[in-house]
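Participant: So here's start.txt (compact mmCIF, C-alpha atoms).
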```
# COMPACT_ATOMS: atom_id res chain seq x y z
CA MET F 195 4.87 -31.71 20.02
CA LEU F 196 2.68 -31.32 23.12
CA VAL F 197 3.15 -28.39 25.46
CA GLY F 198 1.50 -27.56 28.81
CA ALA F 199 -0.46 -24.43 29.65
CA LEU F 200 -2.14 -23.16 32.79
CA LEU F 201 -5.67 -24.35 33.42
CA PRO F 202 -7.42 -25.44 36.65
CA GLY F 203 -5.47 -27.21 39.45
CA THR F 204 -2.73 -25.75 41.67
CA VAL F 205 0.85 -24.61 41.07
CA ALA F 206 2.95 -22.09 42.97
CA ALA F 207 5.16 -19.66 41.05
CA CYS F 208 7.63 -17.20 42.51
CA SER F 209 9.92 -14.76 40.72
CA ALA F 210 12.82 -13.43 42.73
CA GLY F 211 12.12 -9.89 43.84
CA GLY F 212 8.84 -9.91 41.95
CA LYS F 213 5.53 -11.67 42.05
CA ASP F 214 4.94 -14.49 44.48
CA VAL F 215 1.97 -16.07 42.80
CA THR F 216 -0.12 -19.11 43.55
CA ALA F 217 -1.96 -19.77 40.31
CA THR F 218 -4.70 -22.31 39.81
CA SER F 219 -3.55 -24.58 37.03
CA ARG F 220 -3.19 -28.03 35.61
CA GLN F 221 -1.29 -29.33 32.61
CA VAL F 222 -3.28 -29.84 29.41
CA HIS F 223 -2.22 -30.83 25.95
CA LEU F 224 -1.94 -27.98 23.50
CA GLY F 225 -2.37 -28.26 19.79
CA ALA F 226 -5.05 -29.07 17.27
CA ASP F 227 -6.87 -31.21 19.82
CA SER F 228 -10.32 -32.73 19.60
CA HIS F 229 -11.83 -29.33 20.32
CA GLY F 230 -9.93 -27.64 17.52
CA VAL F 231 -7.72 -25.18 19.45
CA PRO F 232 -4.69 -24.78 17.18
CA LEU F 233 -1.11 -24.70 18.36
CA LEU F 234 1.03 -21.99 16.81
CA ARG F 235 4.68 -21.15 17.32
CA ALA F 236 6.60 -17.89 17.46
CA GLU F 237 8.82 -17.85 14.37
CA VAL F 238 11.71 -15.39 14.77
CA ARG F 239 12.07 -12.81 12.01
CA ASP F 240 14.60 -10.55 13.74
CA THR F 241 16.30 -10.02 17.10
CA LEU F 242 16.94 -6.76 18.93
CA PRO F 243 18.90 -5.95 22.08
CA HIS F 244 16.97 -5.51 25.32
CA ASP F 245 18.00 -4.11 28.69
CA PRO F 246 18.80 -7.22 30.79
CA GLN F 247 17.98 -5.25 33.95
CA ALA F 248 14.44 -4.48 32.77
CA PHE F 249 11.80 -6.49 34.64
CA THR F 250 9.42 -6.14 31.71
CA GLN F 251 5.72 -5.76 32.47
CA GLY F 252 4.28 -4.18 29.33
CA LEU F 253 5.16 -3.31 25.74
CA GLU F 254 3.25 -1.18 23.26
CA PHE F 255 3.97 0.50 19.95
CA ARG F 256 2.82 3.88 18.78
CA GLY F 257 4.17 4.63 15.35
CA GLY F 258 7.90 3.92 15.42
CA SER F 259 8.21 4.27 19.20
CA LEU F 260 8.15 1.34 21.60
CA TYR F 261 6.88 1.97 25.13
CA GLU F 262 8.01 -0.34 27.92
CA SER F 263 6.93 -0.57 31.55
CA THR F 264 9.12 -2.35 34.10
CA GLY F 265 8.47 -3.56 37.63
CA LEU F 266 10.00 -4.26 41.05
CA VAL F 267 9.76 -1.86 43.97
CA GLY F 268 12.41 0.83 43.69
CA ARG F 269 13.27 -0.24 40.13
CA SER F 270 10.00 0.35 38.29
CA SER F 271 10.09 2.59 35.25
CA LEU F 272 8.43 3.67 32.04
CA ARG F 273 10.51 4.29 28.94
CA ALA F 274 10.01 4.98 25.24
CA GLY F 275 12.15 5.15 22.13
CA ARG F 276 13.12 3.27 18.99
CA PRO F 277 12.98 -0.52 19.43
CA GLY F 278 16.36 -1.93 20.39
CA LYS F 279 17.81 1.53 21.08
CA PRO F 280 18.32 3.39 24.36
CA PRO F 281 15.13 5.16 25.45
CA THR F 282 14.71 8.81 24.56
CA VAL F 283 12.24 9.49 27.40
CA TYR F 284 12.23 7.84 30.80
CA ALA F 285 10.22 8.06 34.02
CA GLU F 286 10.74 6.30 37.34
CA LEU F 287 8.12 5.07 39.79
CA GLN F 288 9.10 5.72 43.36
CA ALA F 289 8.65 3.08 46.06
CA PRO F 290 6.29 1.60 47.09
CA LEU F 291 4.88 1.52 43.54
CA PHE F 292 5.45 -1.65 41.51
CA GLY F 293 4.97 -0.91 37.80
CA GLU F 294 2.84 -3.19 35.65
CA GLY F 295 1.08 -3.11 32.25
CA ILE F 296 0.63 -0.04 30.05
CA THR F 297 -1.49 1.08 27.13
CA LEU F 298 -2.02 4.14 24.97
CA SER F 299 -5.45 5.64 24.38
CA GLY F 300 -5.54 8.84 22.37
CA ASP F 301 -3.71 11.52 24.33
CA LYS F 302 -3.44 9.30 27.42
CA LEU F 303 -0.97 6.68 28.52
CA TRP F 304 -2.23 4.47 31.35
CA GLN F 305 0.16 2.56 33.61
CA LEU F 306 -0.94 -0.05 36.15
CA THR F 307 0.64 -0.94 39.47
CA TRP F 308 0.65 -4.44 40.92
CA ARG F 309 -0.79 -4.38 44.44
CA ASN F 310 -0.94 -0.62 44.96
CA GLY F 311 -4.46 -0.27 43.50
CA THR F 312 -3.32 2.73 41.48
CA ALA F 313 -3.47 3.51 37.76
CA ILE F 314 -1.39 6.43 36.56
CA GLU F 315 -2.42 8.59 33.61
CA ARG F 316 0.60 10.05 31.78
CA ASP F 317 1.41 12.28 28.86
CA PRO F 318 2.43 9.93 26.00
CA THR F 319 5.12 12.32 24.73
CA THR F 320 6.88 13.34 27.95
CA LEU F 321 5.68 10.47 30.22
CA ALA F 322 4.87 13.13 32.82
CA GLU F 323 2.29 12.05 35.38
CA ARG F 324 -1.09 13.77 35.11
CA ARG F 325 -3.24 12.04 37.73
CA ARG F 326 -3.84 8.83 39.64
CA VAL F 327 -7.03 6.81 39.94
CA THR F 328 -7.73 3.81 42.13
CA TYR F 329 -9.06 0.34 41.36
CA GLN F 330 -9.78 -2.83 43.32
CA GLY F 331 -7.51 -5.87 43.22
CA GLU F 332 -4.23 -6.45 41.46
CA GLY F 333 -3.09 -4.91 38.18
CA TRP F 334 -1.18 -7.04 35.67
CA GLY F 335 -1.75 -6.37 31.96
CA LEU F 336 -3.53 -3.63 30.02
CA CYS F 337 -4.45 -2.95 26.40
CA HIS F 338 -6.64 -0.61 24.36
CA GLN F 339 -9.35 -2.08 22.18
CA ARG F 340 -11.13 -0.25 19.35
CA PHE F 341 -14.60 -1.09 18.10
CA SER F 342 -16.46 0.47 15.19
CA ARG F 343 -18.03 3.17 17.36
CA ARG F 344 -16.43 2.84 20.76
CA GLN F 345 -13.25 2.06 22.61
CA GLN F 346 -12.36 0.36 25.87
CA LEU F 347 -9.43 -0.73 27.97
CA VAL F 348 -8.92 -4.40 28.82
CA MET F 349 -7.17 -5.26 32.10
CA SER F 350 -5.90 -8.54 33.58
CA ASN F 351 -5.22 -9.38 37.22
CA GLY F 352 -3.48 -12.76 37.01
CA THR F 353 -6.69 -14.78 37.12
CA ASP F 354 -8.93 -15.93 34.25
CA ARG F 355 -10.92 -12.68 34.29
CA LEU F 356 -10.46 -9.68 32.00
CA THR F 357 -12.03 -6.39 33.10
CA PHE F 358 -13.21 -3.75 30.65
CA ARG F 359 -12.62 -0.11 31.61
CA ASP F 360 -13.53 3.30 30.32
CA PRO F 361 -10.42 4.80 28.63
CA ASN F 362 -11.15 8.28 30.03
CA THR F 363 -12.22 7.57 33.62
CA PHE F 364 -10.71 4.11 34.13
CA LYS F 365 -13.97 2.96 35.69
CA ALA F 366 -14.90 -0.70 35.22
CA THR F 367 -17.64 -1.21 32.63
CA GLY F 368 -17.82 -5.02 32.53
CA SER F 369 -15.77 -8.19 32.46
CA ILE F 370 -15.35 -11.51 30.70
CA ASP F 371 -13.99 -14.87 31.86
CA VAL F 372 -11.45 -16.61 29.62
CA ARG F 373 -12.17 -20.26 28.87
CA GLN F 374 -10.84 -23.17 26.90
CA ASP F 375 -13.20 -26.14 26.56
CA GLY F 376 -15.26 -24.59 29.34
CA GLN F 377 -12.33 -24.49 31.76
CA PRO F 378 -10.74 -21.29 33.20
CA VAL F 379 -7.42 -20.18 31.71
CA THR F 380 -5.57 -18.49 34.57
CA GLY F 381 -2.32 -16.56 34.90
CA LEU F 382 -3.35 -14.00 32.28
CA ASN F 383 -0.66 -11.33 32.37
CA GLU F 384 0.58 -8.81 29.77
CA LEU F 385 -2.07 -8.10 27.13
CA GLU F 386 -2.06 -6.90 23.53
CA CYS F 387 -5.26 -5.82 21.78
CA ALA F 388 -4.08 -6.56 18.24
CA PRO F 389 -5.34 -5.12 14.93
CA ASP F 390 -6.73 -8.55 13.99
CA GLY F 391 -9.39 -8.08 16.70
CA PHE F 392 -8.02 -10.67 19.12
CA ILE F 393 -6.47 -10.17 22.55
CA TYR F 394 -3.10 -11.84 23.04
CA SER F 395 -2.00 -12.64 26.58
CA ASN F 396 1.16 -13.97 28.14
CA VAL F 397 0.31 -16.83 30.50
CA TYR F 398 2.37 -16.41 33.66
CA PRO F 399 4.83 -18.02 34.35
CA THR F 400 4.98 -20.06 31.11
CA ASP F 401 6.37 -19.49 27.61
CA THR F 402 2.82 -19.72 26.24
CA ILE F 403 0.76 -16.91 24.72
CA VAL F 404 -2.99 -17.39 24.27
CA ARG F 405 -5.15 -15.73 21.64
CA ILE F 406 -8.55 -14.72 22.99
CA ASP F 407 -11.83 -13.80 21.31
CA PRO F 408 -12.84 -10.66 23.27
CA SER F 409 -16.54 -11.10 22.53
CA THR F 410 -16.76 -14.54 24.15
CA GLY F 411 -13.59 -15.02 26.20
CA THR F 412 -12.84 -18.18 24.24
CA VAL F 413 -9.21 -19.16 23.65
CA THR F 414 -8.78 -19.56 19.90
CA ALA F 415 -5.08 -20.50 19.79
CA HIS F 416 -2.04 -21.29 21.91
CA ILE F 417 1.32 -19.89 20.82
CA ASP F 418 4.49 -21.69 21.86
CA ALA F 419 7.35 -19.24 22.47
CA THR F 420 9.82 -21.66 24.04
CA GLY F 421 13.48 -21.80 23.06
CA LEU F 422 13.97 -18.15 22.11
CA LEU F 423 16.88 -17.61 24.51
CA THR F 424 20.07 -19.67 24.64
CA PRO F 425 20.57 -21.81 27.78
CA SER F 426 23.08 -19.30 29.17
CA GLU F 427 20.71 -16.37 28.52
CA ARG F 428 17.83 -18.26 30.07
CA SER F 429 19.75 -18.91 33.28
CA GLY F 430 19.70 -15.20 34.13
CA ALA F 431 16.20 -14.49 32.83
CA GLN F 432 12.69 -14.88 34.19
CA ALA F 433 9.25 -15.34 32.65
CA LEU F 434 8.26 -14.41 29.13
CA ASN F 435 6.35 -11.13 29.40
CA GLY F 436 5.79 -8.32 26.94
CA ILE F 437 3.98 -8.46 23.61
CA ALA F 438 3.36 -5.64 21.13
CA ALA F 439 1.91 -5.75 17.61
CA GLU F 440 4.17 -3.91 15.17
CA PRO F 441 2.10 -1.30 13.31
CA GLY F 442 1.40 -2.01 9.65
CA THR F 443 2.62 -5.61 9.80
CA ASN F 444 1.49 -9.03 11.01
CA LEU F 445 4.51 -9.21 13.30
CA PHE F 446 4.80 -8.97 17.08
CA LEU F 447 7.66 -7.92 19.33
CA ILE F 448 8.04 -10.14 22.40
CA THR F 449 10.48 -10.29 25.29
CA GLY F 450 10.57 -11.19 28.97
CA LYS F 451 11.61 -10.16 32.45
CA LEU F 452 15.40 -9.60 32.55
CA TRP F 453 15.80 -10.86 28.98
CA PRO F 454 18.86 -9.60 27.05
CA ARG F 455 17.01 -9.70 23.72
CA MET F 456 13.67 -8.93 22.12
CA PHE F 457 12.31 -10.95 19.24
CA LYS F 458 10.31 -9.85 16.23
CA VAL F 459 8.11 -12.83 15.46
CA SER F 460 5.21 -14.07 13.41
CA PHE F 461 2.76 -16.65 14.70
CA VAL F 462 2.67 -19.64 12.36
CA ALA F 463 1.24 -23.16 12.43
CA LYS F 464 3.32 -25.62 14.38
```
Can you dump the structure from the file as C-alpha cells?
Facilitator:
Amino acid sequence: MLVGALLPGTVAACSAGGKDVTATSRQVHLGADSHGVPLLRAEVRDTLPHDPQAFTQGLEFRGGSLYESTGLVGRSSLRAGRPGKPPTVYAELQAPLFGEGITLSGDKLWQLTWRNGTAIERDPTTLAERRRVTYQGEGWGLCHQRFSRRQQLVMSNGTDRLTFRDPNTFKATGSIDVRQDGQPVTGLNELECAPDGFIYSNVYPTDTIVRIDPSTGTVTAHIDATGLLTPSERSGAQALNGIAAEPGTNLFLITGKLWPRMFKVSFVAK
C-alpha cells in the first residue's frame, strides 16, 4: 500500500475555527522505497474515550497522568488526569490565546501558543501559571529530550524546522531541518521525544506520523495512522494530532482534534 506524505510543493489546508495553513508539500510514495525509509502502521492495542470537543494540540504522560493541551481562541485549555477519564485538574487560556503543544521538564510544564508568541510556564501539579516568556514565530509542537548529560526542549512551527530551546529559560539554542532523501518534510506539528531516542511528529493535516533522528534531522520511518475512526466518527473530526509515549512500554497514545476516542497503539511493519 502506498500512502502520501507532505514534502515540497504546495497545498492549502484549513481547519474550521483553527489553523488556516498553506503548507509546502507534494505527494511522495511512502514505504520501504529505494532509499530504505520503512513504512509502519499504527496497530491498535486498546481504545479509550476522548472529549469530542477537545481541539487536541498536545499530549504527554507523566507517570499515570495524561496531560492534554487544546486549542481555539476562547476554548483553549490544559487538563490532566487518568487516560480516558475526566480530568482532575483543569486550566483555561483566556482569549486571545490559542493553546498549542506542551511538555514537562522537571518541575516545569511549558505550554505554547499558536500566533501569540507566548510560552507559559506552569506548575505540573496544579497547572497554575508561573510566568510567560516570548518567542518569535508560530508555536505548534513541543517535547522534552534527555541526553546523557543535558536536556533540551524541541519545538515545531509547522515548517520543516525544529528549534532546540533551553528547558529553564526557553531561549533558542539551535535548530535542525527535517529531511527525507534531501527534501524538506513540512507540516511538523505535535511532537513526542520518545524513550527510544527518536522524535515522533504528526504531519499536519495528514494521518501520517514521521520518526525523526534528532541528531541529523533525517526521517527514519513513516507511520500510517489512517482508518482509526469509523466513517461517522471521522465526519465530525479533524486532523490527527496528539502523540504520547506510555511510560514503561513500547506503546503510544494517539488521538486527534475533536476525536471521540484515543488509541493505544504500537508501531509495526506494514
Participant: With all atoms listed in the file as the basis for distance, which of F:Val267, F:Leu234, F:Phe392, F:Trp453 is at the shortest distance from Asp418 of chain F?
Facilitator: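 Between F:Val267, F:Leu234, F:Phe392, F:Trp453, the residue approaching Asp418 of chain F most closely is F:Leu234.
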Participant: Can you tell me how far atom CA of Pro454 of chain F sits from atom CA of Gly268 of chain F, in Å to one decimal?
Facilitator: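 One can read the atom CA of Pro454 of chain F to atom CA of Gly268 of chain F distance as 20.7 Å.
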Participant: Could you tell me how far atom CA of Glu384 of chain F sits from atom CA of Pro399 of chain F, in Å to one decimal place?
Facilitator: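 Distance between the two atoms: 11.1 Å.
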Participant: Please build the interface table for segment 400-437 of chain F against segment 252-261 of chain F with a cut-off of 9 Å, listing for each qualifying residue the nearest atom pair and the distance in Å to one decimal; count all atoms listed in the file, order rows by chain and increasing number, and write it as CSV.
Facilitator:
```
residue,atom,partner,partner_atom,distance
F:Asn435,CA,F:Gly252,CA,7.3
F:Gly436,CA,F:Gly252,CA,5.0
F:Ile437,CA,F:Leu253,CA,5.7
```
Participant: Calculated over only C-alpha atoms, which of the candidates F:Pro361, F:Gly335, F:Gly275, F:Gly311 has the smallest distance to Ile393 of chain F?
Facilitator: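 Closest to Ile393 of chain F, using only C-alpha atoms: F:Gly335.
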Participant: Kindly indicate which residue among F:Thr250, F:Thr443, F:Thr320, F:Ser429 lies nearest to Pro389 of chain F, using only C-alpha atoms for the distances.
Facilitator: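 Looking only at the distances to Pro389 of chain F, the closest residue turns out to be F:Thr443.
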Participant: Using atom CA of Ile296 of chain F and atom CA of Thr410 of chain F as the two end points, give the distance in Å to one decimal.
Facilitator: 23.4 Å
Participant: Write out as a ChimeraX atom specification the residues lying within 9 Å of Arg269 of chain F, counting all atoms listed in the file and excluding same-chain residues fewer than 5 positions away.
Facilitator: /F:248-249,264,286-289,292-293
Participant: Hey, what's within 12 Å of segment 321-328 of chain F if we count all atoms listed in the file and toss same-chain stuff fewer than 2 positions away? As JSON, numbers by chain, please?
Facilitator: {"F": [261, 262, 263, 271, 272, 273, 274, 275, 281, 282, 283, 284, 285, 286, 287, 296, 298, 301, 302, 303, 304, 305, 306, 307, 308, 309, 310, 311, 312, 313, 314, 315, 316, 317, 318, 319, 330, 331, 332, 333, 361, 362, 363, 364, 365, 366]}
Participant: Here is a test: counting all atoms listed in the file, which residue of F:Ala438, F:Leu385, F:Leu452, F:Leu423 is nearest to Gly352 of chain F?
Facilitator: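 For Gly352 of chain F, the nearest of the given residues is F:Leu385.
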Participant: Have a look at F:Gln346, F:Glu427, F:Asp371, F:Thr420 and name the one nearest to Asp407 of chain F; count only C-alpha atoms.
Facilitator: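 Closest to Asp407 of chain F of all the choices is F:Asp371.
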Participant: Smallest atom-to-atom distance to Ala433 of chain F: which of F:Lys451, F:Lys279, F:Arg235, F:Arg343, using only C-alpha atoms?
Facilitator: F:Lys451
Participant: Could you give me, as a ChimeraX atom specification, the residues that sit within 12 Å of (8.4, -20.2, 24.3) in the file's coordinates, counting only C-alpha atoms?
Facilitator: /F:197-199,234-238,396-404,416-424,428,433-435,448-450,457,459,461
Participant: Take every atom of segment 404-419 of chain F listed in the file, fit an axis-aligned box around them, add 6 Å per side, and give the centre and edge lengths in Å to one decimal as AutoDock Vina command-line options.
Facilitator:
```
--center_x -4.7 --center_y -16.2 --center_z 23.0 --size_x 36.1 --size_y 23.0 --size_z 18.4
```
